[in-house]
Amino acid sequence: MTPARPTTVMTVTPPLPTTIVYAPRLSRKLGVDLVLASETFQYAGSFKFRAAYNVASNVKQDHIITASSGNFGQAIAYACSLFNKRCTVVMPATAPKVKVDAVREYGAEVDLVDVTKKGRLERLAELARKYPEAYVASPYDDPLVIEGNASLADELFALGLDLDFIVAPIGGGGLTAGLVKAVKRSGSKTQVLAAEPLVANDAAESFRAGRLVSRPDEGSTIADGAAVLQLGDNNWEILSQGLAGVIEVTEGVRLLFALANLKAEPTGALALGAVLAEPDRFKDKRVCCIISGGNADPALYAKLVEGI
């Protein structure tokens, strides 16, 4: 008889270790040896806390400002609260209410902006001029962010997982750059692949062009964590040399819920969507999908899984 899984134990030392989920039904359906690395139980509900904690614990400034669709905002707000630092987060007015509320509950100031009239980065630049003493933290294009995210792959290798692929969602590229960096220093032959919404595919376009390509606006994808204008410069330098490719996908939320009993926000399910999009690439391979976060708007999530 197959032994029962041990219960999940949450430590209190930040950041939390990733939660490894083996999903036999998903593996059989997809024809891959699938491992899910879920960051949905991470502090603030996503992998972004790894980066945020690394930033807040290393910069000397007492005020940190950033722009975020929600997950990094929540993460940096909570991290700043741990170090008694002030935090201001620029967020799009269309950000899920659950994320805006969470940022405020962690003690940060929220600056909402209509991204059809002014980009988040443009507003962030205005705040940087207003608060010259503050540290401006990019949610993705910052060496401290990249290194914080690298800790996720460090954990996978420490567990002895022999992986052919690690697949992760991509927005600004901070997560995938961290994964590539960790894989390189480990000496592993594991390939890192990025999963991106088809309707917000600046990363895929950049790799096709061999240079950074910027979108004219942040688009309308429900995977709001991937809605950025372009990859970060620091991330592109790493990814252009080490990422195995970008797969353009739709969604994988329903399968995660139905076959793995795992709740994920749309961005968090992109990695599984990549396996669905290119099954031949992954057939009979050991694949780790990074489920990057679980901060889904309840109404949207209910609609996505309706009818299962």
# chains A, B, ... in the order shown; residues from 1 in each chain; ligands from 1
>>> residues_around(residues="region 177-189 of chain A", least_positions_apart="2", cutoff="12 Å", atoms="only C-alpha atoms", output="PyMOL selection string")
chain A and resi 47-48+50-51+140-158+160-175+191-194+231-245+288+290
>>> write_last_selection(atoms="C-alpha atoms", output="short mmCIF file (atom, residue, chain, number, x, y, z; two decimals), in the first residue's frame")
data_model
loop_
_atom_site.label_atom_id
_atom_site.label_comp_id
_atom_site.auth_asym_id
_atom_site.auth_seq_id
_atom_site.Cartn_x
_atom_site.Cartn_y
_atom_site.Cartn_z
CA PHE A 47 7.13 33.26 -4.29
CA LYS A 48 7.51 37.05 -4.23
CA ARG A 50 11.51 35.33 -1.13
CA ALA A 51 12.61 38.40 -3.10
CA TYR A 140 11.75 41.73 -10.68
CA ASP A 141 14.72 43.72 -12.05
CA ASP A 142 16.92 43.93 -8.98
CA PRO A 143 19.92 41.73 -8.05
CA LEU A 144 18.51 41.29 -4.54
CA VAL A 145 15.20 40.15 -6.01
CA ILE A 146 16.87 37.70 -8.38
CA GLU A 147 18.98 36.20 -5.61
CA GLY A 148 15.98 35.88 -3.32
CA ASN A 149 14.10 33.99 -6.01
CA ALA A 150 17.09 31.73 -6.65
CA SER A 151 16.50 30.20 -3.23
CA LEU A 152 13.53 28.29 -4.68
CA ALA A 153 15.70 26.26 -7.06
CA ASP A 154 18.34 25.89 -4.34
CA GLU A 155 15.67 24.10 -2.29
CA LEU A 156 14.69 21.82 -5.17
CA PHE A 157 18.28 20.69 -5.64
CA ALA A 158 18.79 20.29 -1.88
CA GLY A 160 17.73 15.73 -4.45
CA LEU A 161 15.10 16.12 -7.17
CA ASP A 162 16.60 14.93 -10.45
CA LEU A 163 14.74 17.18 -12.87
CA ASP A 164 14.81 17.41 -16.64
CA PHE A 165 12.86 20.68 -16.63
CA ILE A 166 11.80 23.42 -14.27
CA VAL A 167 8.91 25.40 -15.75
CA ALA A 168 7.90 28.73 -14.23
CA PRO A 169 5.70 31.69 -15.16
CA ILE A 170 7.38 34.78 -16.53
CA GLY A 171 6.41 38.43 -16.24
CA GLY A 172 9.36 40.71 -15.61
CA GLY A 173 11.68 37.71 -15.41
CA GLY A 174 12.81 37.87 -11.79
CA LEU A 175 11.71 34.33 -10.94
CA GLN A 191 16.63 23.18 -18.24
CA VAL A 192 14.55 26.16 -17.17
CA LEU A 193 11.57 27.08 -19.34
CA ALA A 194 9.28 30.09 -19.01
CA LEU A 231 11.59 41.94 -19.20
CA GLY A 232 13.98 43.63 -16.79
CA ASP A 233 17.44 44.50 -18.08
CA ASN A 234 19.23 42.52 -15.35
CA ASN A 235 16.95 39.56 -16.01
CA TRP A 236 17.42 39.67 -19.79
CA GLU A 237 21.18 39.49 -19.33
CA ILE A 238 20.74 36.24 -17.41
CA LEU A 239 17.84 34.77 -19.37
CA SER A 240 19.23 35.42 -22.83
CA GLN A 241 22.20 33.21 -21.91
CA GLY A 242 20.51 30.54 -19.81
CA LEU A 243 16.76 30.17 -20.40
CA ALA A 244 15.84 27.18 -22.58
CA GLY A 245 12.82 28.93 -24.10
CA CYS A 288 8.78 20.51 -11.92
CA ILE A 290 6.44 26.18 -10.21
#
>>> select_by_dssp(residues="region 130-304 of chain A", states="strand (DSSP E)", output="list in words")
Tyr135, Val136, Ala137, Phe165, Ile166, Val167, Ala168, Pro169, Gln191, Val192, Leu193, Ala194, Ala195, Glu196, Pro197, Gly245, Val246, Ile247, Glu248, Val249, Arg286, Val287, Cys288, Cys289, Ile290 and Ile291 of chain A
>>> atom_distance(atom1="CA of Asp62 (chain A)", atom2="CA of Leu112 (chain A)")
22.0 Å
>>> select_by_dssp(residues="region 5-133 of chain A", states="helix (DSSP H, G or I)", output="PDB file with N, CA and C atoms, in the first residue's frame")
ATOM      1  N   PRO A  24      -0.196  12.354  -8.956  1.00  0.00           N
ATOM      2  CA  PRO A  24      -0.216  11.188  -9.866  1.00  0.00           C
ATOM      3  C   PRO A  24      -1.285  11.271 -10.946  1.00  0.00           C
ATOM      4  N   ARG A  25      -2.451  11.855 -10.644  1.00  0.00           N
ATOM      5  CA  ARG A  25      -3.492  11.951 -11.668  1.00  0.00           C
ATOM      6  C   ARG A  25      -3.060  12.889 -12.789  1.00  0.00           C
ATOM      7  N   LEU A  26      -2.457  14.010 -12.412  1.00  0.00           N
ATOM      8  CA  LEU A  26      -1.942  14.929 -13.419  1.00  0.00           C
ATOM      9  C   LEU A  26      -0.820  14.289 -14.232  1.00  0.00           C
ATOM     10  N   SER A  27       0.069  13.568 -13.557  1.00  0.00           N
ATOM     11  CA  SER A  27       1.183  12.912 -14.249  1.00  0.00           C
ATOM     12  C   SER A  27       0.673  11.939 -15.303  1.00  0.00           C
ATOM     13  N   ARG A  28      -0.325  11.135 -14.925  1.00  0.00           N
ATOM     14  CA  ARG A  28      -0.872  10.163 -15.881  1.00  0.00           C
ATOM     15  C   ARG A  28      -1.553  10.865 -17.050  1.00  0.00           C
ATOM     16  N   LYS A  29      -2.304  11.907 -16.754  1.00  0.00           N
ATOM     17  CA  LYS A  29      -3.023  12.623 -17.813  1.00  0.00           C
ATOM     18  C   LYS A  29      -2.067  13.270 -18.810  1.00  0.00           C
ATOM     19  N   LEU A  30      -0.966  13.812 -18.306  1.00  0.00           N
ATOM     20  CA  LEU A  30      -0.034  14.547 -19.150  1.00  0.00           C
ATOM     21  C   LEU A  30       1.078  13.681 -19.729  1.00  0.00           C
ATOM     22  N   TYR A  43       4.685  32.866   2.735  1.00  0.00           N
ATOM     23  CA  TYR A  43       4.219  34.110   3.344  1.00  0.00           C
ATOM     24  C   TYR A  43       3.732  35.056   2.252  1.00  0.00           C
ATOM     25  N   ALA A  44       2.607  35.702   2.496  1.00  0.00           N
ATOM     26  CA  ALA A  44       1.948  36.615   1.551  1.00  0.00           C
ATOM     27  C   ALA A  44       1.432  35.903   0.306  1.00  0.00           C
ATOM     28  N   GLY A  45       1.476  34.582   0.289  1.00  0.00           N
ATOM     29  CA  GLY A  45       0.780  33.819  -0.739  1.00  0.00           C
ATOM     30  C   GLY A  45       1.473  33.611  -2.059  1.00  0.00           C
ATOM     31  N   LYS A  48       6.978  35.694  -4.311  1.00  0.00           N
ATOM     32  CA  LYS A  48       7.513  37.051  -4.234  1.00  0.00           C
ATOM     33  C   LYS A  48       8.081  37.384  -2.847  1.00  0.00           C
ATOM     34  N   PHE A  49       7.611  36.678  -1.829  1.00  0.00           N
ATOM     35  CA  PHE A  49       8.137  36.972  -0.494  1.00  0.00           C
ATOM     36  C   PHE A  49       9.622  36.652  -0.396  1.00  0.00           C
ATOM     37  N   ARG A  50      10.081  35.660  -1.149  1.00  0.00           N
ATOM     38  CA  ARG A  50      11.513  35.333  -1.135  1.00  0.00           C
ATOM     39  C   ARG A  50      12.332  36.569  -1.530  1.00  0.00           C
ATOM     40  N   ALA A  51      11.915  37.204  -2.616  1.00  0.00           N
ATOM     41  CA  ALA A  51      12.608  38.397  -3.097  1.00  0.00           C
ATOM     42  C   ALA A  51      12.438  39.560  -2.137  1.00  0.00           C
ATOM     43  N   ALA A  52      11.200  39.760  -1.688  1.00  0.00           N
ATOM     44  CA  ALA A  52      10.904  40.905  -0.823  1.00  0.00           C
ATOM     45  C   ALA A  52      11.682  40.827   0.487  1.00  0.00           C
ATOM     46  N   TYR A  53      11.751  39.651   1.068  1.00  0.00           N
ATOM     47  CA  TYR A  53      12.484  39.483   2.324  1.00  0.00           C
ATOM     48  C   TYR A  53      13.967  39.767   2.116  1.00  0.00           C
ATOM     49  N   ASN A  54      14.491  39.324   0.981  1.00  0.00           N
ATOM     50  CA  ASN A  54      15.903  39.560   0.692  1.00  0.00           C
ATOM     51  C   ASN A  54      16.181  41.046   0.519  1.00  0.00           C
ATOM     52  N   VAL A  55      15.240  41.773  -0.083  1.00  0.00           N
ATOM     53  CA  VAL A  55      15.390  43.212  -0.243  1.00  0.00           C
ATOM     54  C   VAL A  55      15.309  43.917   1.107  1.00  0.00           C
ATOM     55  N   ALA A  56      14.211  43.673   1.830  1.00  0.00           N
ATOM     56  CA  ALA A  56      13.978  44.391   3.093  1.00  0.00           C
ATOM     57  C   ALA A  56      15.068  44.128   4.120  1.00  0.00           C
ATOM     58  N   SER A  57      15.635  42.944   4.091  1.00  0.00           N
ATOM     59  CA  SER A  57      16.651  42.594   5.090  1.00  0.00           C
ATOM     60  C   SER A  57      18.041  43.096   4.728  1.00  0.00           C
ATOM     61  N   ASN A  58      18.220  43.555   3.484  1.00  0.00           N
ATOM     62  CA  ASN A  58      19.567  43.945   3.045  1.00  0.00           C
ATOM     63  C   ASN A  58      19.751  45.433   2.764  1.00  0.00           C
ATOM     64  N   ASN A  71       1.202  40.804  -5.970  1.00  0.00           N
ATOM     65  CA  ASN A  71       1.927  39.826  -5.166  1.00  0.00           C
ATOM     66  C   ASN A  71       3.204  40.395  -4.556  1.00  0.00           C
ATOM     67  N   PHE A  72       3.996  41.124  -5.345  1.00  0.00           N
ATOM     68  CA  PHE A  72       5.198  41.706  -4.761  1.00  0.00           C
ATOM     69  C   PHE A  72       4.811  42.797  -3.774  1.00  0.00           C
ATOM     70  N   GLY A  73       3.739  43.500  -4.075  1.00  0.00           N
ATOM     71  CA  GLY A  73       3.254  44.514  -3.141  1.00  0.00           C
ATOM     72  C   GLY A  73       2.929  43.932  -1.785  1.00  0.00           C
ATOM     73  N   GLN A  74       2.204  42.813  -1.788  1.00  0.00           N
ATOM     74  CA  GLN A  74       1.886  42.143  -0.522  1.00  0.00           C
ATOM     75  C   GLN A  74       3.163  41.680   0.170  1.00  0.00           C
ATOM     76  N   ALA A  75       4.047  41.082  -0.616  1.00  0.00           N
ATOM     77  CA  ALA A  75       5.268  40.511  -0.055  1.00  0.00           C
ATOM     78  C   ALA A  75       6.166  41.579   0.554  1.00  0.00           C
ATOM     79  N   ILE A  76       6.373  42.689  -0.163  1.00  0.00           N
ATOM     80  CA  ILE A  76       7.266  43.729   0.360  1.00  0.00           C
ATOM     81  C   ILE A  76       6.607  44.444   1.533  1.00  0.00           C
ATOM     82  N   ALA A  77       5.277  44.563   1.490  1.00  0.00           N
ATOM     83  CA  ALA A  77       4.570  45.179   2.616  1.00  0.00           C
ATOM     84  C   ALA A  77       4.788  44.359   3.884  1.00  0.00           C
ATOM     85  N   TYR A  78       4.651  43.040   3.768  1.00  0.00           N
ATOM     86  CA  TYR A  78       4.839  42.186   4.939  1.00  0.00           C
ATOM     87  C   TYR A  78       6.301  42.169   5.373  1.00  0.00           C
ATOM     88  N   ALA A  79       7.205  42.067   4.400  1.00  0.00           N
ATOM     89  CA  ALA A  79       8.631  42.053   4.744  1.00  0.00           C
ATOM     90  C   ALA A  79       9.031  43.345   5.448  1.00  0.00           C
ATOM     91  N   CYS A  80       8.531  44.475   4.962  1.00  0.00           N
ATOM     92  CA  CYS A  80       8.845  45.752   5.597  1.00  0.00           C
ATOM     93  C   CYS A  80       8.304  45.805   7.020  1.00  0.00           C
ATOM     94  N   SER A  81       7.141  45.216   7.230  1.00  0.00           N
ATOM     95  CA  SER A  81       6.576  45.207   8.582  1.00  0.00           C
ATOM     96  C   SER A  81       7.454  44.428   9.550  1.00  0.00           C
ATOM     97  N   LEU A  82       8.134  43.411   9.055  1.00  0.00           N
ATOM     98  CA  LEU A  82       9.019  42.612   9.912  1.00  0.00           C
ATOM     99  C   LEU A  82      10.248  43.408  10.347  1.00  0.00           C
ATOM    100  N   LYS A  97      -9.095  43.109  -5.987  1.00  0.00           N
ATOM    101  CA  LYS A  97      -9.358  43.742  -4.694  1.00  0.00           C
ATOM    102  C   LYS A  97      -8.698  42.969  -3.557  1.00  0.00           C
ATOM    103  N   VAL A  98      -8.666  41.636  -3.678  1.00  0.00           N
ATOM    104  CA  VAL A  98      -8.070  40.822  -2.626  1.00  0.00           C
ATOM    105  C   VAL A  98      -6.598  41.183  -2.431  1.00  0.00           C
ATOM    106  N   LYS A  99      -5.913  41.570  -3.513  1.00  0.00           N
ATOM    107  CA  LYS A  99      -4.493  41.923  -3.418  1.00  0.00           C
ATOM    108  C   LYS A  99      -4.311  43.335  -2.864  1.00  0.00           C
ATOM    109  N   VAL A 100      -5.149  44.262  -3.314  1.00  0.00           N
ATOM    110  CA  VAL A 100      -5.079  45.629  -2.793  1.00  0.00           C
ATOM    111  C   VAL A 100      -5.349  45.638  -1.293  1.00  0.00           C
ATOM    112  N   ASP A 101      -6.383  44.920  -0.880  1.00  0.00           N
ATOM    113  CA  ASP A 101      -6.726  44.855   0.549  1.00  0.00           C
ATOM    114  C   ASP A 101      -5.589  44.247   1.359  1.00  0.00           C
ATOM    115  N   ALA A 102      -4.962  43.211   0.821  1.00  0.00           N
ATOM    116  CA  ALA A 102      -3.885  42.543   1.557  1.00  0.00           C
ATOM    117  C   ALA A 102      -2.685  43.462   1.744  1.00  0.00           C
ATOM    118  N   VAL A 103      -2.333  44.227   0.707  1.00  0.00           N
ATOM    119  CA  VAL A 103      -1.211  45.173   0.817  1.00  0.00           C
ATOM    120  C   VAL A 103      -1.471  46.153   1.946  1.00  0.00           C
ATOM    121  N   ARG A 104      -2.684  46.673   1.996  1.00  0.00           N
ATOM    122  CA  ARG A 104      -3.027  47.621   3.056  1.00  0.00           C
ATOM    123  C   ARG A 104      -3.034  46.955   4.427  1.00  0.00           C
ATOM    124  N   GLU A 105      -3.523  45.722   4.489  1.00  0.00           N
ATOM    125  CA  GLU A 105      -3.571  45.023   5.781  1.00  0.00           C
ATOM    126  C   GLU A 105      -2.173  44.758   6.334  1.00  0.00           C
ATOM    127  N   ARG A 120       2.657  52.081 -14.427  1.00  0.00           N
ATOM    128  CA  ARG A 120       3.084  51.947 -13.030  1.00  0.00           C
ATOM    129  C   ARG A 120       4.502  52.468 -12.825  1.00  0.00           C
ATOM    130  N   LEU A 121       5.379  52.188 -13.796  1.00  0.00           N
ATOM    131  CA  LEU A 121       6.766  52.625 -13.646  1.00  0.00           C
ATOM    132  C   LEU A 121       6.893  54.140 -13.737  1.00  0.00           C
ATOM    133  N   GLU A 122       6.042  54.748 -14.560  1.00  0.00           N
ATOM    134  CA  GLU A 122       6.041  56.210 -14.647  1.00  0.00           C
ATOM    135  C   GLU A 122       5.628  56.810 -13.311  1.00  0.00           C
ATOM    136  N   ARG A 123       4.607  56.242 -12.694  1.00  0.00           N
ATOM    137  CA  ARG A 123       4.166  56.734 -11.387  1.00  0.00           C
ATOM    138  C   ARG A 123       5.227  56.451 -10.319  1.00  0.00           C
ATOM    139  N   LEU A 124       5.875  55.315 -10.428  1.00  0.00           N
ATOM    140  CA  LEU A 124       6.936  54.989  -9.477  1.00  0.00           C
ATOM    141  C   LEU A 124       8.067  56.009  -9.565  1.00  0.00           C
ATOM    142  N   ALA A 125       8.402  56.423 -10.772  1.00  0.00           N
ATOM    143  CA  ALA A 125       9.454  57.431 -10.953  1.00  0.00           C
ATOM    144  C   ALA A 125       9.058  58.747 -10.300  1.00  0.00           C
ATOM    145  N   GLU A 126       7.771  59.093 -10.381  1.00  0.00           N
ATOM    146  CA  GLU A 126       7.303  60.312  -9.722  1.00  0.00           C
ATOM    147  C   GLU A 126       7.480  60.221  -8.208  1.00  0.00           C
ATOM    148  N   LEU A 127       7.151  59.062  -7.638  1.00  0.00           N
ATOM    149  CA  LEU A 127       7.292  58.880  -6.193  1.00  0.00           C
ATOM    150  C   LEU A 127       8.765  58.865  -5.777  1.00  0.00           C
ATOM    151  N   ALA A 128       9.618  58.325  -6.641  1.00  0.00           N
ATOM    152  CA  ALA A 128      11.053  58.314  -6.334  1.00  0.00           C
ATOM    153  C   ALA A 128      11.591  59.735  -6.227  1.00  0.00           C
ATOM    154  N   ARG A 129      11.080  60.633  -7.060  1.00  0.00           N
ATOM    155  CA  ARG A 129      11.490  62.039  -6.967  1.00  0.00           C
ATOM    156  C   ARG A 129      10.911  62.692  -5.712  1.00  0.00           C
ATOM    157  N   LYS A 130       9.715  62.264  -5.332  1.00  0.00           N
ATOM    158  CA  LYS A 130       9.069  62.822  -4.144  1.00  0.00           C
ATOM    159  C   LYS A 130       9.758  62.344  -2.870  1.00  0.00           C
TER     160      LYS A 130
END
>>> closest_residue(among="A:Asn201, A:Asn261, A:Gln230, A:Thr13", to="Glu248 (chain A)", atoms="only C-alpha atoms")
A:Asn201
>>> closest_residue(among="A:Ala258, A:Ile64, A:Ile20, A:Val253", to="Leu34 (chain A)", atoms="only C-alpha atoms")
A:Ile20
>>> residues_around(residues="Arg215 (chain A)", least_positions_apart="5", cutoff="12 Å", atoms="only C-alpha atoms", output="PyMOL selection string")
chain A and resi 119+171-172+199-206+220+227-231
>>> residues_around(residues="Ser46 (chain A)", least_positions_apart="6", cutoff="7 Å", atoms="only C-alpha atoms", output="mmCIF file with C-alpha atoms, in the first residue's frame")
data_model
loop_
_atom_site.group_PDB
_atom_site.id
_atom_site.type_symbol
_atom_site.label_atom_id
_atom_site.label_comp_id
_atom_site.auth_asym_id
_atom_site.auth_seq_id
_atom_site.Cartn_x
_atom_site.Cartn_y
_atom_site.Cartn_z
ATOM 1 C CA GLU A 39 4.494 28.714 -3.378
ATOM 2 C CA THR A 40 0.809 29.239 -2.591
ATOM 3 C CA ASN A 71 1.927 39.826 -5.166
ATOM 4 C CA SER A 292 4.040 30.690 -8.138
ATOM 5 C CA GLY A 293 1.117 31.962 -6.077
ATOM 6 C CA GLY A 294 -2.411 31.460 -4.843
#
>>> decode(residues="region 165-185 of chain A", atoms="N, CA, C and O atoms", output="compact mmCIF listing (two decimals), in the first residue's frame")
# COMPACT_ATOMS: atom_id res chain seq x y z
N PHE A 165 13.32 19.31 -16.39
CA PHE A 165 12.86 20.68 -16.63
C PHE A 165 12.30 21.30 -15.35
O PHE A 165 11.66 20.61 -14.55
N ILE A 166 12.55 22.58 -15.21
CA ILE A 166 11.80 23.42 -14.27
C ILE A 166 11.06 24.43 -15.13
O ILE A 166 11.66 25.12 -15.95
N VAL A 167 9.73 24.49 -14.96
CA VAL A 167 8.91 25.40 -15.75
C VAL A 167 8.28 26.41 -14.79
O VAL A 167 7.70 26.03 -13.76
N ALA A 168 8.40 27.68 -15.11
CA ALA A 168 7.90 28.73 -14.23
C ALA A 168 7.26 29.85 -15.04
O ALA A 168 7.65 30.09 -16.19
N PRO A 169 6.29 30.54 -14.46
CA PRO A 169 5.70 31.69 -15.16
C PRO A 169 6.71 32.82 -15.29
O PRO A 169 7.64 32.94 -14.50
N ILE A 170 6.50 33.64 -16.33
CA ILE A 170 7.38 34.78 -16.53
C ILE A 170 6.57 36.04 -16.74
O ILE A 170 5.58 36.05 -17.47
N GLY A 171 6.96 37.09 -16.04
CA GLY A 171 6.41 38.43 -16.24
C GLY A 171 7.59 39.33 -16.52
O GLY A 171 8.05 39.47 -17.65
N GLY A 172 8.15 39.91 -15.46
CA GLY A 172 9.36 40.71 -15.61
C GLY A 172 10.63 39.89 -15.68
O GLY A 172 11.68 40.39 -16.07
N GLY A 173 10.54 38.61 -15.28
CA GLY A 173 11.68 37.71 -15.41
C GLY A 173 12.47 37.48 -14.15
O GLY A 173 13.48 36.76 -14.17
N GLY A 174 12.04 38.04 -13.01
CA GLY A 174 12.81 37.87 -11.79
C GLY A 174 12.85 36.44 -11.28
O GLY A 174 13.89 35.98 -10.79
N LEU A 175 11.74 35.72 -11.40
CA LEU A 175 11.71 34.33 -10.94
C LEU A 175 12.56 33.44 -11.84
O LEU A 175 13.42 32.69 -11.35
N THR A 176 12.34 33.52 -13.13
CA THR A 176 13.09 32.65 -14.04
C THR A 176 14.57 32.98 -14.03
O THR A 176 15.42 32.09 -14.12
N ALA A 177 14.92 34.27 -13.89
CA ALA A 177 16.34 34.63 -13.81
C ALA A 177 16.97 34.02 -12.56
O ALA A 177 18.10 33.51 -12.60
N GLY A 178 16.24 34.05 -11.45
CA GLY A 178 16.75 33.43 -10.23
C GLY A 178 16.92 31.94 -10.38
O GLY A 178 17.92 31.36 -9.92
N LEU A 179 15.95 31.29 -11.04
CA LEU A 179 16.04 29.84 -11.26
C LEU A 179 17.24 29.50 -12.14
O LEU A 179 17.99 28.56 -11.86
N VAL A 180 17.41 30.26 -13.22
CA VAL A 180 18.56 30.02 -14.12
C VAL A 180 19.87 30.21 -13.37
O VAL A 180 20.81 29.41 -13.51
N LYS A 181 19.93 31.22 -12.55
CA LYS A 181 21.15 31.48 -11.79
C LYS A 181 21.46 30.33 -10.83
O LYS A 181 22.61 29.89 -10.72
N ALA A 182 20.43 29.83 -10.16
CA ALA A 182 20.63 28.72 -9.22
C ALA A 182 21.02 27.44 -9.94
O ALA A 182 21.87 26.67 -9.45
N VAL A 183 20.40 27.18 -11.09
CA VAL A 183 20.74 25.98 -11.86
C VAL A 183 22.20 26.04 -12.31
O VAL A 183 22.93 25.05 -12.21
N LYS A 184 22.62 27.20 -12.77
CA LYS A 184 24.00 27.35 -13.26
C LYS A 184 25.01 27.07 -12.16
O LYS A 184 25.99 26.34 -12.37
N ARG A 185 24.77 27.62 -10.97
CA ARG A 185 25.77 27.42 -9.91
C ARG A 185 25.71 26.01 -9.32
O ARG A 185 26.67 25.57 -8.69
